[in-house]
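Only one structure is covered here, and it is reproduced in the block below.
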Amino acid sequence: MATTHTNKDRPAPPLRIPPKALPRVAWQRLIREVRKRTAPRKPTVMKVGTSVEELAKQIRSRQSPRFFGLLSEHAAMIGQFFPEPMWATLDEADQICQHQFDILGSGKVDLGKEIDWHIDFKTGHRWPLEHHSRLTLTSPIGGFDVKVPWELSRFHHGVRLGQAYLYTLNEEYASELVTQIRHWIQSNPVEFGVNWAGPMDAAIRSVNLIWSVFSILESEAATDDFLATWLTSLQQHGDYLYSHLEDGWPRTNHLIANLTGLIYLGILFPEFKDAARWKEVGLKRLWEEIERQIYPDGVSYEASTSYHRLVTEMLLSVASLCLINEIPIPEVIVARLRSMLDAILYYTQPDGMAPQIGDADDGRLHILTYHDDPARVVNDHRHLLALGSLVLERELPEWAGYIDPTERGWAVGAGYEWQDAFWFFASDAAARYSDILFRTIELPVGVGPDDWVDVTPGIRVRASALTRHPLTVQDVASSREMEAAGLYVLRHDAYHMTIDAGDVGQNGAGGHAHNDVLSLTATAYGKPLLIDPGSYLYTSNPEMRNLFRSTSYHNTLQVGEAEINRFDGDLFRLTPDAQVTLHRWISDPAYDLFDASHNGYARLTPGLIHRRQVWFDKHLKLWLLHDQVSVIAPSEDGTPIPVVETELGLHFHFAPSTVQLDRQNNAILCEADADANLLLLPLGEFPLKARLDDGWFSPRYGVREPGPVAKFSGRVKLPCNLVLLIYPHQGHIPDVQTVRNVGRTALLNMRKTLSPHTRAASLNSR
C-alpha cells in the first residue's frame, strides 16, 4: 500500500552568519546605532574651499590624471558609425530637459518644473529631509519603492545630456545639466535625505556626475563657480563613501560599487585631501572583492546574470581608467575579468539577450549605449564584450591595434554593440569595429568588387573589403560548463539553452537568488521560447517579489507546493536547502548531456531527490528532458524504501506567443506562421496531465506583461520517471507522430551514452 506524501514543510531556520563574520556584523550594527543617535538634526551649509576653487580653474587644462576623450570630434565619429542612436539620444535629452523620465517601469512621467528628488513619483510617497540614518526606507507591506528616487539620483540621465552636448555643442543641454546638478546638491545636503541612505547609489552617482561634467567642460555653462560646487560635492561623496563602506555580511555588488566610486574619485582628483587613501584602499579592496565574489569560472557568486553584468561593468570601467593612467592591475584580476567576459559570451543567447537568471533590478554603473528597446538596455550585455576586447586585447598599452578575433571571441560576440567602447576609446573602437564588420558581414551575391555596400546604417564600404566566409558567434562560442556557479550552456548553431544548477549564492545568504535549481531557458531560430520570467519588483510588493522568485515561476519540477529553498520572511534571503550534485556533463560535437540532482526536497517527509537529465541532440536539433523523483532511503539497515504517492508539477514559462493545449497528445505547442515554435511532447508512460495557465513575465524592473505558462501535474507513485521532448521548429506544427519517433531516436541515443560501457569509453577517449 502506498504512503501518502504530506508535503508538510518545516519553518526556515534562522540566518546563519559565518563565525568569522560575526564581529564585523556586530560592529557595523553598533556603528549604525551610534550614528543614528548622534547624527545632526540639521544639515550643514556647503563650503567651497580655496583649494577646490583653484582646481576648478585648472581642471580644463590638466594633462594628468587622464580621463576618456569626451570631445566633440569623437562624438562626431560615434554619430557617423551610429546615426540612429545619435538622433535618439538627442530626442531623449530633449525629454530630460522637459523633466520627462521613464524610471524603473514608470512609463514617461513629467516631473514638473522643479524636480522633487525625494519622492517615489510612481506612488507619491515622499521621504523627509532628515539624516539618512533616521529614515524608514521600506515597509513590510510594501506600497512604495525607495529605488525610484535612488535611480533618478544616480544621474544616468546626466550622461545623456552630456552626450547630447558633445553631439551638437548646443549650450541648452549643458545648461540644463548644470541646473539639475546644482539643484540636486542644494536639495540633498550631504548625509541628509533618502538619496544618502545608500552608499552604493552615492558611488554610482559620483561616477555619473564625473562622466556628465567632463562631457561639458568646454561649455559656457561649466563656469568656475559651478565646477567648484561640483568638485566640493564630489569630495563630500568621497568622504561619505570611505566612512560608509558596505562591507558586512554577505559581501555583495554594493561594496564593489562603493569601491568603484572611491577609485574614480581617488584617481581623477588627486588634489583632494584624502584622494591617495581613497585610491589605495579602493584598488586594494576591489581586487580582494573580485577574488572573493567572482568564482574562478568567471561568474558572480550572487546567482544572478543581471548582477554579474553590473559587477563586470564596474570592474571593466575601473580597468579602463587604470589603463589610461598607467596603473597596473594584478594578473589574477586580469584573468578573472577575462573569465567574466567569457561567461557573458557564452550565456548570451543568439538574439543578443541574456537569460534573466536570478534577481534583476536594472542596475547599471553608467548607461552610454542608446537602445530603442528598454528591455535591451537591461538584458543585452554585449557592450561589455566590445569594451573588454579593447581593454584586454591590445597590441600596445597606447594602441589597441589588430587582433585575431577568434582567439577570445569577444569582438565577434559583441555584434553591433560597440557604442560603449566608442565613448571610452573612440579611435581604438573605430579601427577594431571596422575590422570586425569586414570579417563578419558576408559579401552580397551579385555585387562587384568595386561596388559600394551599406554594412550598417552609417557605414558604406567597397565590396572587396567583405568576405565570402564571415565569422559568426557560432565560430567563437560553444557549449560551456561553469561548474563553480552551476551554470551550464548547451548551444549549437541557432539553438541555445541555459541550465541553472547553482546554489543560492552569496555564501548561503541567497540575497539575489531565485528558486530556479535545475531550471532551464531555451531559444531557437533567433527567438526566445522558454524563459525565466524575471524579477518585477523588490520591496514595494512583497507578494509579487516572492511570486517571481518562487519555484513555480521557473522551468523546473515542484513537489506539491513546497519551495526548493524556503522563504523566511526576508525578501532578500533564500534558505540554502538545496545542494546540487553533478553526475555528468559531456559536451561532444554530436550532443551535450547534463545530469544533476538536488536535495531541496529532502527535508520533506519522506525526503525526496529530484534528478534532471537534459540531452541536446545537435543532429536531430532537439532537447530531451528526463526528470526522476525518488524517495531517500530511511536508513542503511536494509529497511525497504516505501512506495510513496505525491503531487508533482512541471512548469514551463513561454515567451509571449500563442500557446495551445493538445489534449489528444497531452502536449503543449506554440505556433506562428513563419516564426520559431516549440512543441512539448511527453514520451512513454507519463502520468502528469498538461494544462495552460496565465502567468506573468517581467522584461525589466517595474514592468510585467502576461505570459503563457504550461504545467504538467498530477499525483504519482514514486519513484517516478518523466521524459519530455522539447522540440523547436519553424512554421506550422509538424506531424506529432513523426516528432514522437524522432524523440524516441534521441532517447535511444541518450540511453546508449548513459550505458556503463559507452560511458567508460567516453571517459577513456577524453
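Ordered as shown in the C-alpha cells, chains take letters A, B, and onward, while each chain numbers its residues from 1 and ligands are numbered from 1 in the order shown.
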* To do: Determine which residues of stretch 185-420 of chain A receive a DSSP assignment of strand (DSSP E or B), computed from the backbone, and state them as a list in words.
  => Phe192, Ile294, Ser300, Leu396 and Trp399 of chain A
Sort by chain and increasing residue number a table of all residues of stretch 11-100 of chain A within 6 Å of stretch 226-230 of chain A, each with its closest pair of atoms and their distance in Å to one decimal, counting only C-alpha atoms, and write it as CSV.
residue,atom,partner,partner_atom,distance
A:Val52,CA,A:Ala228,CA,5.8
A:Glu53,CA,A:Ala228,CA,5.3
A:Ala56,CA,A:Ala228,CA,5.2
* Asked: Which residues come within 12 Å of stretch 740-749 of chain A, counting only C-alpha atoms, excluding same-chain residues fewer than 4 positions away, as number ranges by chain?
  -> A: 590-593, 613-626, 665, 667, 679-684, 723-728, 734-736, 753-755, 758
Restricted to N, CA and C atoms, what would the selected residues look like written as a compact mmCIF listing (two decimals), in the first residue's frame?
# COMPACT_ATOMS: atom_id res chain seq x y z
N ALA A 590 28.44 15.99 -31.32
CA ALA A 590 27.13 15.49 -31.72
C ALA A 590 26.05 15.73 -30.68
N TYR A 591 26.44 15.94 -29.41
CA TYR A 591 25.44 16.07 -28.36
C TYR A 591 26.05 16.72 -27.13
N ASP A 592 25.18 17.23 -26.27
CA ASP A 592 25.53 17.63 -24.90
C ASP A 592 24.67 16.81 -23.96
N LEU A 593 25.25 16.43 -22.82
CA LEU A 593 24.50 15.71 -21.79
C LEU A 593 24.75 16.37 -20.44
N GLN A 613 18.06 15.11 -16.17
CA GLN A 613 18.99 14.88 -17.26
C GLN A 613 18.47 15.62 -18.50
N VAL A 614 19.36 16.35 -19.15
CA VAL A 614 19.00 17.05 -20.38
C VAL A 614 19.93 16.58 -21.48
N TRP A 615 19.34 16.11 -22.54
CA TRP A 615 20.08 15.62 -23.71
C TRP A 615 19.84 16.60 -24.86
N PHE A 616 20.91 17.19 -25.36
CA PHE A 616 20.82 18.08 -26.52
C PHE A 616 21.38 17.34 -27.72
N ASP A 617 20.51 16.93 -28.61
CA ASP A 617 20.92 16.20 -29.81
C ASP A 617 21.15 17.22 -30.93
N LYS A 618 22.42 17.45 -31.26
CA LYS A 618 22.76 18.51 -32.22
C LYS A 618 22.45 18.12 -33.66
N HIS A 619 22.33 16.82 -33.92
CA HIS A 619 21.96 16.38 -35.26
C HIS A 619 20.45 16.43 -35.45
N LEU A 620 19.73 15.95 -34.46
CA LEU A 620 18.27 15.95 -34.54
C LEU A 620 17.66 17.30 -34.17
N LYS A 621 18.48 18.20 -33.59
CA LYS A 621 18.07 19.57 -33.27
C LYS A 621 16.89 19.60 -32.30
N LEU A 622 17.11 19.00 -31.15
CA LEU A 622 16.08 18.96 -30.12
C LEU A 622 16.73 18.74 -28.76
N TRP A 623 15.92 18.98 -27.73
CA TRP A 623 16.34 18.68 -26.37
C TRP A 623 15.39 17.63 -25.79
N LEU A 624 15.97 16.76 -24.98
CA LEU A 624 15.20 15.73 -24.30
C LEU A 624 15.37 15.91 -22.80
N LEU A 625 14.25 15.94 -22.10
CA LEU A 625 14.26 16.18 -20.65
C LEU A 625 13.82 14.91 -19.93
N HIS A 626 14.67 14.47 -19.00
CA HIS A 626 14.33 13.30 -18.19
C HIS A 626 14.40 13.70 -16.73
N ASN A 665 -2.74 14.49 -27.43
CA ASN A 665 -1.36 14.03 -27.24
C ASN A 665 -0.77 14.47 -25.91
N ALA A 667 0.01 17.35 -24.98
CA ALA A 667 1.17 18.14 -25.39
C ALA A 667 0.84 19.62 -25.35
N LEU A 679 7.34 22.65 -29.37
CA LEU A 679 6.42 21.58 -29.00
C LEU A 679 6.96 20.87 -27.77
N LEU A 680 6.15 20.77 -26.73
CA LEU A 680 6.47 19.99 -25.54
C LEU A 680 5.66 18.70 -25.61
N LEU A 681 6.34 17.58 -25.80
CA LEU A 681 5.65 16.32 -26.05
C LEU A 681 6.15 15.23 -25.11
N PRO A 682 5.28 14.73 -24.23
CA PRO A 682 5.68 13.62 -23.36
C PRO A 682 5.97 12.36 -24.17
N LEU A 683 6.92 11.58 -23.68
CA LEU A 683 7.26 10.30 -24.30
C LEU A 683 7.05 9.18 -23.30
N GLY A 684 6.55 8.04 -23.80
CA GLY A 684 6.37 6.88 -22.93
C GLY A 684 5.30 7.09 -21.89
N VAL A 723 9.72 11.68 -19.02
CA VAL A 723 10.52 12.01 -20.20
C VAL A 723 9.69 12.94 -21.08
N LEU A 724 10.28 14.08 -21.41
CA LEU A 724 9.57 15.10 -22.18
C LEU A 724 10.47 15.58 -23.31
N LEU A 725 9.91 15.67 -24.50
CA LEU A 725 10.63 16.16 -25.66
C LEU A 725 10.41 17.67 -25.79
N ILE A 726 11.50 18.42 -25.90
CA ILE A 726 11.43 19.86 -26.16
C ILE A 726 11.88 20.04 -27.59
N TYR A 727 10.92 20.29 -28.47
CA TYR A 727 11.18 20.22 -29.92
C TYR A 727 10.94 21.58 -30.57
N PRO A 728 12.02 22.31 -30.89
CA PRO A 728 11.85 23.59 -31.60
C PRO A 728 11.69 23.34 -33.10
N PRO A 734 4.46 20.35 -36.90
CA PRO A 734 4.81 19.12 -37.62
C PRO A 734 3.89 17.97 -37.17
N ASP A 735 3.94 16.89 -37.92
CA ASP A 735 3.16 15.70 -37.55
C ASP A 735 3.65 15.17 -36.21
N VAL A 736 2.74 15.07 -35.23
CA VAL A 736 3.13 14.70 -33.88
C VAL A 736 3.75 13.31 -33.83
N THR A 753 24.46 6.51 -24.56
CA THR A 753 25.53 7.30 -23.96
C THR A 753 25.61 7.08 -22.46
N LEU A 754 24.46 6.86 -21.82
CA LEU A 754 24.43 6.66 -20.38
C LEU A 754 24.79 5.25 -19.96
N SER A 755 24.85 4.32 -20.91
CA SER A 755 25.16 2.95 -20.55
C SER A 755 26.59 2.87 -20.02
N THR A 758 29.43 2.55 -22.72
CA THR A 758 29.63 3.77 -23.50
C THR A 758 30.26 4.86 -22.66
* To do: Just list the residues in stretch 101-345 of chain A DSSP gives alpha helix (DSSP H) on the backbone, as a ChimeraX atom specification.
  => /A:147-153,156-168,171-187,199-215,224-243,253-268,275-293,305-324,331-345
* Return the single residue from A:Ala222, A:Ala75, A:Leu111, A:Leu137 that is closest to A:Asp420, with distances computed using only C-alpha atoms. =>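 The answer is A:Ala75, which sits nearest to A:Asp420.
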Can you check which parts of stretch 322-418 of chain A lie within 12 Å of stretch 549-560 of chain A? Per residue, the shortest pair of atoms and distance in Å to one decimal, counting only C-alpha atoms, sorted by chain and number, as a Markdown table.
| residue | atom | partner | partner_atom | distance |
| --- | --- | --- | --- | --- |
| A:Gln356 | CA | A:His554 | CA | 10.8 |
| A:Ile357 | CA | A:His554 | CA | 9.6 |
| A:Gly358 | CA | A:Arg549 | CA | 7.6 |
| A:Asp359 | CA | A:Arg549 | CA | 8.0 |
| A:Ala360 | CA | A:Arg549 | CA | 10.8 |
* Looking at A:Ile31, A:Leu608, A:Ala164, A:Leu135, which one is nearest to A:Ala88, with distances taken over only C-alpha atoms? ->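 Distance minimum relative to A:Ala88 lands on A:Ala164.
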* Asked: So, counting only C-alpha atoms, which residue among A:Gly143, A:Pro270, A:Gly352, A:Gly508 is closest to A:Tyr538?
  ->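 Counting only C-alpha atoms, the residue closest to A:Tyr538 is A:Gly143.
Of note, atom CA of A:Arg16 and atom CA of A:Ala578 are spaced 15.5 Å apart.
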* **Contact residues around stretch 212-217 of chain A with only C-alpha atoms at 7 Å, ignoring same-chain residues under 2 positions, as a PyMOL selection string** => chain A and resi 60+70+158-159+162-163+165-166+174+208-210+219+222
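Relative to atom CA of A:Ser698, atom CA of A:Gly112 is found at 28.6 Å.
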* State, in Å with one decimal place, the distance from atom CA of A:Gln730 to atom CA of A:Ala676. => 4.6 Å
* Would you kindly return, as a count of residues only, each protein, DNA or RNA residue with an atom no farther than 10 Å from any atom of A:Ile103, considering only C-alpha atoms and excluding same-chain residues fewer than 3 positions away? => 15
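If you measure from each of A:Arg154, A:Arg182, A:His383, A:Arg32 to A:Glu246 using only C-alpha atoms, the closest one turns out to be A:Arg32.
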* Please identify all polymer residues within 9 Å of A:Asp94, counting only C-alpha atoms, omitting same-chain residues fewer than 4 positions from it, and present them as a PyMOL selection string. => chain A and resi 89-90+98-100+161+164+173
For those residues, write C-alpha atoms to a file as an mmCIF file, in the first residue's frame.
data_model
loop_
_atom_site.group_PDB
_atom_site.id
_atom_site.type_symbol
_atom_site.label_atom_id
_atom_site.label_comp_id
_atom_site.auth_asym_id
_atom_site.auth_seq_id
_atom_site.Cartn_x
_atom_site.Cartn_y
_atom_site.Cartn_z
ATOM 1 C CA THR A 89 19.948 60.333 -27.803
ATOM 2 C CA LEU A 90 19.060 63.896 -28.762
ATOM 3 C CA GLN A 98 11.464 68.913 -20.111
ATOM 4 C CA HIS A 99 11.879 66.797 -16.927
ATOM 5 C CA GLN A 100 10.199 63.793 -18.510
ATOM 6 C CA LEU A 161 22.663 65.403 -21.534
ATOM 7 C CA ALA A 164 23.771 65.438 -26.471
ATOM 8 C CA TYR A 173 21.935 70.693 -22.917
#
